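Source file: model.txt; contents: compact mmCIF, C-alpha atoms.
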# COMPACT_ATOMS: atom_id res chain seq x y z
CA MET G 2 62.23 -42.31 29.04
CA LYS G 3 63.12 -39.18 30.96
CA ALA G 4 64.31 -39.44 34.57
CA SER G 5 61.25 -37.45 35.62
CA GLU G 6 58.87 -40.10 34.21
CA ILE G 7 57.87 -43.13 36.21
CA ARG G 8 56.27 -46.43 35.19
CA THR G 9 54.36 -48.62 37.61
CA ARG G 10 51.96 -51.45 36.78
CA LEU G 11 49.57 -52.81 39.38
CA VAL G 12 48.78 -56.49 38.89
CA GLU G 13 45.75 -57.78 40.80
CA HIS G 14 44.14 -61.16 41.25
CA GLY G 15 41.37 -61.29 43.84
CA ASP G 16 42.78 -59.71 47.00
CA PHE G 17 46.37 -60.15 45.80
CA LYS G 18 48.19 -57.04 44.53
CA ILE G 19 51.77 -56.58 43.37
CA VAL G 20 53.43 -53.64 41.62
CA ILE G 21 55.86 -54.11 38.71
CA MET G 22 58.00 -51.13 37.81
CA ASP G 23 61.13 -49.93 36.08
CA ALA G 24 64.14 -48.81 38.08
CA PRO G 25 63.94 -45.55 39.97
CA CYS G 26 66.88 -43.15 39.97
CA ASN G 27 67.79 -40.55 42.56
CA ASP G 28 66.11 -37.84 40.43
CA ASN G 29 62.68 -39.53 40.38
CA SER G 30 62.69 -41.63 43.53
CA GLU G 31 60.44 -39.16 45.36
CA LYS G 32 57.77 -39.61 42.65
CA TYR G 33 58.10 -43.39 43.01
CA VAL G 34 57.78 -43.13 46.79
CA ASN G 35 54.52 -41.19 46.43
CA GLU G 36 53.15 -43.62 43.83
CA LEU G 37 54.08 -46.68 45.89
CA LYS G 38 52.60 -45.22 49.05
CA ALA G 39 49.34 -44.60 47.15
CA PHE G 40 49.27 -48.35 46.32
CA GLY G 41 50.00 -49.24 49.97
CA VAL G 42 53.42 -50.73 49.16
CA THR G 43 55.49 -51.72 52.19
CA ASP G 44 58.41 -53.44 50.43
CA LEU G 45 60.40 -52.72 47.28
CA VAL G 46 62.50 -55.50 45.73
CA ARG G 47 65.43 -54.51 43.53
CA THR G 48 66.38 -57.26 41.05
CA CYS G 49 68.98 -55.20 39.14
CA GLU G 50 72.06 -53.15 39.85
CA PRO G 51 71.47 -50.12 42.12
CA THR G 52 70.39 -46.91 40.36
CA TYR G 53 69.22 -45.04 43.48
CA SER G 54 69.77 -44.76 47.19
CA PRO G 55 67.18 -46.70 49.23
CA ALA G 56 67.19 -43.93 51.89
CA LYS G 57 64.16 -41.98 50.51
CA PHE G 58 62.08 -45.16 50.36
CA GLU G 59 63.09 -46.40 53.79
CA LYS G 60 62.51 -42.97 55.34
CA GLU G 61 58.90 -43.27 54.12
CA GLY G 62 58.45 -46.78 55.52
CA ILE G 63 59.14 -48.76 52.34
CA GLN G 64 61.77 -51.42 53.02
CA VAL G 65 64.17 -52.05 50.11
CA HIS G 66 65.31 -55.64 49.51
CA GLU G 67 68.23 -56.67 47.29
CA MET G 68 67.46 -59.70 45.09
CA MET G 69 69.69 -59.16 42.06
CA PHE G 70 70.13 -61.69 39.28
CA PRO G 71 71.39 -61.42 35.67
CA ASP G 72 69.31 -59.61 33.07
CA GLY G 73 67.36 -61.98 30.84
CA ALA G 74 67.88 -64.91 33.19
CA ALA G 75 65.64 -66.86 35.51
CA PRO G 76 66.17 -66.30 39.23
CA PRO G 77 68.39 -68.86 41.00
CA PRO G 78 66.80 -71.23 43.57
CA GLU G 79 68.22 -69.43 46.64
CA LEU G 80 66.75 -66.15 45.42
CA ILE G 81 63.37 -67.80 44.77
CA GLN G 82 63.43 -69.03 48.37
CA LYS G 83 64.22 -65.52 49.67
CA TRP G 84 61.43 -64.09 47.47
CA ASN G 85 58.92 -66.70 48.60
CA ASP G 86 59.79 -66.01 52.24
CA LEU G 87 59.14 -62.30 51.71
CA ILE G 88 55.86 -62.70 49.81
CA CYS G 89 54.60 -65.26 52.29
CA GLU G 90 55.39 -62.94 55.19
CA ARG G 91 53.77 -59.91 53.53
CA TYR G 92 50.70 -61.55 52.03
CA ARG G 93 49.96 -64.44 54.41
CA SER G 94 51.10 -63.21 57.80
CA LYS G 95 48.78 -63.70 60.73
CA ASP G 96 50.43 -60.64 62.28
CA PRO G 97 48.84 -57.50 60.75
CA ASP G 98 52.04 -55.54 61.44
CA LYS G 99 53.93 -57.80 59.03
CA SER G 100 51.41 -57.83 56.18
CA GLY G 101 51.78 -55.52 53.22
CA ILE G 102 52.11 -55.10 49.47
CA VAL G 103 55.31 -55.73 47.51
CA ALA G 104 56.64 -53.82 44.51
CA VAL G 105 59.39 -55.32 42.38
CA HIS G 106 61.58 -53.64 39.78
CA CYS G 107 64.29 -54.32 37.26
CA VAL G 108 65.81 -51.86 34.81
CA ALA G 109 62.86 -51.58 32.39
CA GLY G 110 60.16 -53.61 34.17
CA LEU G 111 60.08 -56.18 31.36
CA GLY G 112 62.08 -59.21 32.50
CA ARG G 113 63.27 -59.82 36.03
CA ALA G 114 60.46 -57.96 37.82
CA PRO G 115 57.63 -59.62 35.84
CA VAL G 116 59.19 -63.06 36.42
CA MET G 117 59.21 -62.47 40.17
CA ALA G 118 55.63 -61.19 40.04
CA ALA G 119 54.61 -64.31 38.10
CA VAL G 120 56.20 -66.52 40.77
CA ALA G 121 54.22 -64.63 43.42
CA LEU G 122 50.97 -65.16 41.48
CA ILE G 123 51.74 -68.87 41.11
CA GLU G 124 52.67 -69.28 44.77
CA LEU G 125 49.99 -67.18 46.43
CA THR G 126 47.00 -67.70 44.17
CA ALA G 127 47.81 -71.19 42.80
CA MET G 128 47.47 -69.67 39.33
CA ASP G 129 48.66 -71.70 36.36
CA PRO G 130 52.06 -70.36 35.19
CA MET G 131 50.79 -69.47 31.71
CA ASP G 132 47.79 -67.66 33.19
CA ALA G 133 50.19 -65.69 35.41
CA VAL G 134 52.29 -64.71 32.38
CA GLU G 135 49.17 -63.70 30.47
CA GLN G 136 47.90 -61.59 33.36
CA ILE G 137 51.24 -59.80 33.66
CA ARG G 138 51.51 -59.25 29.91
CA GLU G 139 48.05 -57.63 29.95
CA ARG G 140 49.49 -54.96 32.27
CA GLN G 141 53.08 -54.90 30.95
CA LYS G 142 53.35 -55.40 27.19
CA GLY G 143 56.50 -57.25 26.11
CA ALA G 144 57.16 -58.72 29.54
CA ILE G 145 59.06 -61.99 30.06
CA ASN G 146 61.52 -63.31 27.46
CA ALA G 147 61.69 -66.86 26.04
CA ARG G 148 64.20 -68.15 28.62
CA GLN G 149 62.17 -66.72 31.48
CA LEU G 150 58.96 -68.11 29.98
CA LYS G 151 60.53 -71.59 29.86
CA PHE G 152 61.51 -71.22 33.53
CA LEU G 153 57.96 -70.25 34.48
CA GLN G 154 56.40 -73.06 32.43
CA SER G 155 58.41 -75.60 34.43
CA TYR G 156 58.11 -73.78 37.78
CA LYS G 157 56.74 -75.98 40.57
CA ARG G 158 54.88 -74.28 43.36
CA MET G 159 56.81 -74.48 46.65
CA MET G 160 54.09 -73.30 49.02
CA LYS G 161 51.33 -75.75 49.71
CA LYS G 162 47.81 -74.79 50.77
CA SER G 163 48.53 -75.66 54.38
CA HIS G 164 51.85 -73.86 54.80
CA CYS G 165 54.58 -71.65 53.42
CA HIS G 166 58.28 -72.17 53.90
CA CYS G 167 58.15 -69.20 56.25
CA LYS G 168 55.56 -70.98 58.42
CA CYS G 169 52.72 -68.72 57.27
CA ALA G 170 49.33 -70.09 56.32
CA VAL G 171 48.30 -69.88 52.67
CA MET G 172 44.51 -69.64 52.39
Please render this file's structure as structure tokens.
Amino acid sequence: MKASEIRTRLVEHGDFKIVIMDAPCNDNSEKYVNELKAFGVTDLVRTCEPTYSPAKFEKEGIQVHEMMFPDGAAPPPELIQKWNDLICERYRSKDPDKSGIVAVHCVAGLGRAPVMAAVALIELTAMDPMDAVEQIRERQKGAINARQLKFLQSYKRMMKKSHCHCKCAVM
């Protein structure tokens, strides 16, 4: 893929939307900013090593969050907690100024980012893990490796209907 090309995949379930993408670089970050703004993205989560400066995104009102973990692996529990806090705040906030849409990326948009999106689907929509994987794979062919699939199959939802860990209400 050329640096000028960009790849974003919008995953939707009811009112829930999340964007999965490959890693921007400094040469194409402006194109990503425009694409993400068109989706209404307020937060960008980086799960891989930095390949761009977050300055262009943050200048345009898209907050960049660092949540790196090894390629091909499942996210560690402390990162899952940080992720769940963010998605709860953005998708279930009673304060309209804190609500938004999250985009998540890894290097190619095939492993780490889809796993995090699947966790969000499981947490926020109470979707079955295999249904979440299927929905993501419909939008991103080849997503989620065997080790990550095993993690998702055994993933237990942390947010309950009545509350999130971040004290937001899940409806």
Problem - Nearest-residue call for G:Ala109, choices G:Lys18, G:Lys32, G:Lys151, G:Lys142, using all atoms listed in the file - result: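 Looking at the shortest contact to G:Ala109, the residue is G:Lys142.
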Problem - Who sits within 9 Å of G:Ala114, only C-alpha atoms, same chain under 5 positions skipped, as a list in words - result: Ile21, Met22, Asp23, Val46, Arg47, Thr48, Ala104, Val105, His106, Cys107, Val108, Ala109, Ala119, Ala144 and Ile145 of chain G
Practice task
Please measure the separation of atom CA of G:Asp44 and atom CA of G:Ile63, giving the value in Å to one decimal.
Solution key: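 Atom CA of G:Ile63 lies 5.1 Å from atom CA of G:Asp44.
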Practice task
Might you pull out every residue within 12 Å of G:His14, with only C-alpha atoms counted and same-chain residues fewer than 4 positions away left off, and present them as a PyMOL selection string?
Solution key: chain G and resi 18-20+118-119+121-123+125-128+132-133+136-137
Exercise for the section: Can you work out which one of G:Leu11, G:Val103, G:Met159, G:Cys49 has the shortest atom-to-atom distance to G:Glu139, counting all atoms listed in the file? Expected result: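 Checking each candidate against G:Glu139, we get G:Leu11 as the closest.
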Problem - Distance in Å - atom CA of G:Glu124 versus atom CA of G:Leu87 - result: 11.8 Å
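Taking all atoms listed in the file into account, G:Glu61 lies nearest to G:Val34 out of the set G:Ala147, G:Leu111, G:Leu80, G:Val34.
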Handout entry: Polymer residues at most 9 Å from G:Thr43, only C-alpha atoms, same-chain spacing of 6 or more positions, as a list in words
Key =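 Near neighbours after the sequence-gap exclusion: Leu37, Gly62, Ile63, Gln64, Val65, Arg91, Ser100, Gly101, Ile102, Val103 and Ala104 of chain G.
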Practice task
Would you work out the distance separating atom CA of G:Gly41 from atom CA of G:Tyr92, expressed in Å to one decimal?
Solution key: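 Separation between atom CA of G:Gly41 and atom CA of G:Tyr92: 12.5 Å.
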Skip G:Gly112 itself and residues of its chain fewer than 6 positions away, then list as a PDB file with C-alpha atoms, in the frame of the given file all residues within 9 Å of it, counting all atoms listed in the file.
ATOM      1  CA  ASP G  72      69.310 -59.610  33.070  1.00  0.00           C
ATOM      2  CA  GLY G  73      67.360 -61.980  30.840  1.00  0.00           C
ATOM      3  CA  ALA G  74      67.880 -64.910  33.190  1.00  0.00           C
ATOM      4  CA  ALA G  75      65.640 -66.860  35.510  1.00  0.00           C
ATOM      5  CA  GLY G 143      56.500 -57.250  26.110  1.00  0.00           C
ATOM      6  CA  ALA G 144      57.160 -58.720  29.540  1.00  0.00           C
ATOM      7  CA  ILE G 145      59.060 -61.990  30.060  1.00  0.00           C
ATOM      8  CA  ASN G 146      61.520 -63.310  27.460  1.00  0.00           C
ATOM      9  CA  GLN G 149      62.170 -66.720  31.480  1.00  0.00           C
TER      10      GLN G 149
END
Return stretch 61-72 of chain G, completed with all heavy atoms, as a PDB file, in the coordinates of the input.
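Here's the written file out10.pdb:
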ATOM      1  N   GLU G  61      60.362 -43.300  54.247  1.00  0.00           N
ATOM      2  CA  GLU G  61      58.900 -43.270  54.120  1.00  0.00           C
ATOM      3  C   GLU G  61      58.247 -44.602  54.472  1.00  0.00           C
ATOM      4  O   GLU G  61      57.070 -44.808  54.195  1.00  0.00           O
ATOM      5  CB  GLU G  61      58.516 -42.850  52.698  1.00  0.00           C
ATOM      6  CG  GLU G  61      58.925 -41.424  52.358  1.00  0.00           C
ATOM      7  CD  GLU G  61      58.195 -40.383  53.186  1.00  0.00           C
ATOM      8  OE1 GLU G  61      57.023 -40.608  53.553  1.00  0.00           O
ATOM      9  OE2 GLU G  61      58.784 -39.322  53.456  1.00  0.00           O
ATOM     10  N   GLY G  62      59.013 -45.519  55.048  1.00  0.00           N
ATOM     11  CA  GLY G  62      58.450 -46.780  55.520  1.00  0.00           C
ATOM     12  C   GLY G  62      58.390 -47.891  54.489  1.00  0.00           C
ATOM     13  O   GLY G  62      57.719 -48.899  54.705  1.00  0.00           O
ATOM     14  N   ILE G  63      59.084 -47.721  53.368  1.00  0.00           N
ATOM     15  CA  ILE G  63      59.140 -48.760  52.340  1.00  0.00           C
ATOM     16  C   ILE G  63      60.508 -49.432  52.438  1.00  0.00           C
ATOM     17  O   ILE G  63      61.533 -48.807  52.148  1.00  0.00           O
ATOM     18  CB  ILE G  63      58.911 -48.186  50.931  1.00  0.00           C
ATOM     19  CG1 ILE G  63      57.532 -47.524  50.845  1.00  0.00           C
ATOM     20  CG2 ILE G  63      59.067 -49.279  49.869  1.00  0.00           C
ATOM     21  CD1 ILE G  63      57.291 -46.730  49.571  1.00  0.00           C
ATOM     22  N   GLN G  64      60.517 -50.687  52.845  1.00  0.00           N
ATOM     23  CA  GLN G  64      61.770 -51.420  53.020  1.00  0.00           C
ATOM     24  C   GLN G  64      62.281 -51.897  51.664  1.00  0.00           C
ATOM     25  O   GLN G  64      61.535 -52.485  50.881  1.00  0.00           O
ATOM     26  CB  GLN G  64      61.550 -52.611  53.947  1.00  0.00           C
ATOM     27  CG  GLN G  64      62.820 -53.330  54.310  1.00  0.00           C
ATOM     28  CD  GLN G  64      62.570 -54.458  55.307  1.00  0.00           C
ATOM     29  OE1 GLN G  64      61.481 -54.619  55.831  1.00  0.00           O
ATOM     30  NE2 GLN G  64      63.602 -55.232  55.553  1.00  0.00           N
ATOM     31  N   VAL G  65      63.559 -51.641  51.374  1.00  0.00           N
ATOM     32  CA  VAL G  65      64.170 -52.050  50.110  1.00  0.00           C
ATOM     33  C   VAL G  65      64.933 -53.353  50.328  1.00  0.00           C
ATOM     34  O   VAL G  65      65.716 -53.477  51.266  1.00  0.00           O
ATOM     35  CB  VAL G  65      65.100 -50.955  49.548  1.00  0.00           C
ATOM     36  CG1 VAL G  65      65.776 -51.414  48.258  1.00  0.00           C
ATOM     37  CG2 VAL G  65      64.318 -49.660  49.310  1.00  0.00           C
ATOM     38  N   HIS G  66      64.672 -54.332  49.443  1.00  0.00           N
ATOM     39  CA  HIS G  66      65.310 -55.640  49.510  1.00  0.00           C
ATOM     40  C   HIS G  66      66.145 -55.852  48.253  1.00  0.00           C
ATOM     41  O   HIS G  66      65.674 -55.580  47.149  1.00  0.00           O
ATOM     42  CB  HIS G  66      64.267 -56.760  49.586  1.00  0.00           C
ATOM     43  CG  HIS G  66      63.301 -56.609  50.708  1.00  0.00           C
ATOM     44  ND1 HIS G  66      63.499 -57.195  51.938  1.00  0.00           N
ATOM     45  CD2 HIS G  66      62.128 -55.937  50.794  1.00  0.00           C
ATOM     46  CE1 HIS G  66      62.480 -56.903  52.731  1.00  0.00           C
ATOM     47  NE2 HIS G  66      61.638 -56.125  52.062  1.00  0.00           N
ATOM     48  N   GLU G  67      67.354 -56.370  48.416  1.00  0.00           N
ATOM     49  CA  GLU G  67      68.230 -56.670  47.290  1.00  0.00           C
ATOM     50  C   GLU G  67      68.053 -58.122  46.868  1.00  0.00           C
ATOM     51  O   GLU G  67      68.293 -59.035  47.658  1.00  0.00           O
ATOM     52  CB  GLU G  67      69.702 -56.433  47.676  1.00  0.00           C
ATOM     53  CG  GLU G  67      70.007 -55.028  48.155  1.00  0.00           C
ATOM     54  CD  GLU G  67      69.880 -53.960  47.085  1.00  0.00           C
ATOM     55  OE1 GLU G  67      69.860 -54.295  45.884  1.00  0.00           O
ATOM     56  OE2 GLU G  67      69.806 -52.779  47.445  1.00  0.00           O
ATOM     57  N   MET G  68      67.605 -58.347  45.638  1.00  0.00           N
ATOM     58  CA  MET G  68      67.460 -59.700  45.090  1.00  0.00           C
ATOM     59  C   MET G  68      67.909 -59.688  43.630  1.00  0.00           C
ATOM     60  O   MET G  68      67.158 -60.027  42.725  1.00  0.00           O
ATOM     61  CB  MET G  68      66.021 -60.197  45.231  1.00  0.00           C
ATOM     62  CG  MET G  68      65.553 -60.334  46.656  1.00  0.00           C
ATOM     63  SD  MET G  68      63.988 -61.208  46.770  1.00  0.00           S
ATOM     64  CE  MET G  68      63.488 -60.765  48.439  1.00  0.00           C
ATOM     65  N   MET G  69      69.154 -59.310  43.411  1.00  0.00           N
ATOM     66  CA  MET G  69      69.690 -59.160  42.060  1.00  0.00           C
ATOM     67  C   MET G  69      69.996 -60.505  41.408  1.00  0.00           C
ATOM     68  O   MET G  69      70.453 -61.432  42.066  1.00  0.00           O
ATOM     69  CB  MET G  69      70.955 -58.326  42.094  1.00  0.00           C
ATOM     70  CG  MET G  69      70.709 -56.876  42.423  1.00  0.00           C
ATOM     71  SD  MET G  69      72.228 -55.927  42.441  1.00  0.00           S
ATOM     72  CE  MET G  69      72.483 -55.828  44.205  1.00  0.00           C
ATOM     73  N   PHE G  70      69.715 -60.567  40.101  1.00  0.00           N
ATOM     74  CA  PHE G  70      70.130 -61.690  39.280  1.00  0.00           C
ATOM     75  C   PHE G  70      70.314 -61.180  37.857  1.00  0.00           C
ATOM     76  O   PHE G  70      69.834 -60.096  37.517  1.00  0.00           O
ATOM     77  CB  PHE G  70      69.170 -62.884  39.384  1.00  0.00           C
ATOM     78  CG  PHE G  70      67.750 -62.649  38.956  1.00  0.00           C
ATOM     79  CD1 PHE G  70      67.304 -63.060  37.704  1.00  0.00           C
ATOM     80  CD2 PHE G  70      66.832 -62.042  39.815  1.00  0.00           C
ATOM     81  CE1 PHE G  70      65.977 -62.868  37.324  1.00  0.00           C
ATOM     82  CE2 PHE G  70      65.507 -61.859  39.434  1.00  0.00           C
ATOM     83  CZ  PHE G  70      65.085 -62.264  38.183  1.00  0.00           C
ATOM     84  N   PRO G  71      71.037 -61.925  37.007  1.00  0.00           N
ATOM     85  CA  PRO G  71      71.390 -61.420  35.670  1.00  0.00           C
ATOM     86  C   PRO G  71      70.185 -61.102  34.790  1.00  0.00           C
ATOM     87  O   PRO G  71      69.184 -61.815  34.787  1.00  0.00           O
ATOM     88  CB  PRO G  71      72.213 -62.555  35.061  1.00  0.00           C
ATOM     89  CG  PRO G  71      72.738 -63.333  36.224  1.00  0.00           C
ATOM     90  CD  PRO G  71      71.670 -63.223  37.288  1.00  0.00           C
ATOM     91  N   ASP G  72      70.335 -60.039  34.015  1.00  0.00           N
ATOM     92  CA  ASP G  72      69.310 -59.610  33.070  1.00  0.00           C
ATOM     93  C   ASP G  72      69.025 -60.727  32.080  1.00  0.00           C
ATOM     94  O   ASP G  72      69.943 -61.379  31.577  1.00  0.00           O
ATOM     95  CB  ASP G  72      69.785 -58.356  32.340  1.00  0.00           C
ATOM     96  CG  ASP G  72      68.705 -57.729  31.484  1.00  0.00           C
ATOM     97  OD1 ASP G  72      67.508 -57.966  31.745  1.00  0.00           O
ATOM     98  OD2 ASP G  72      69.064 -56.994  30.550  1.00  0.00           O
TER      99      ASP G  72
END
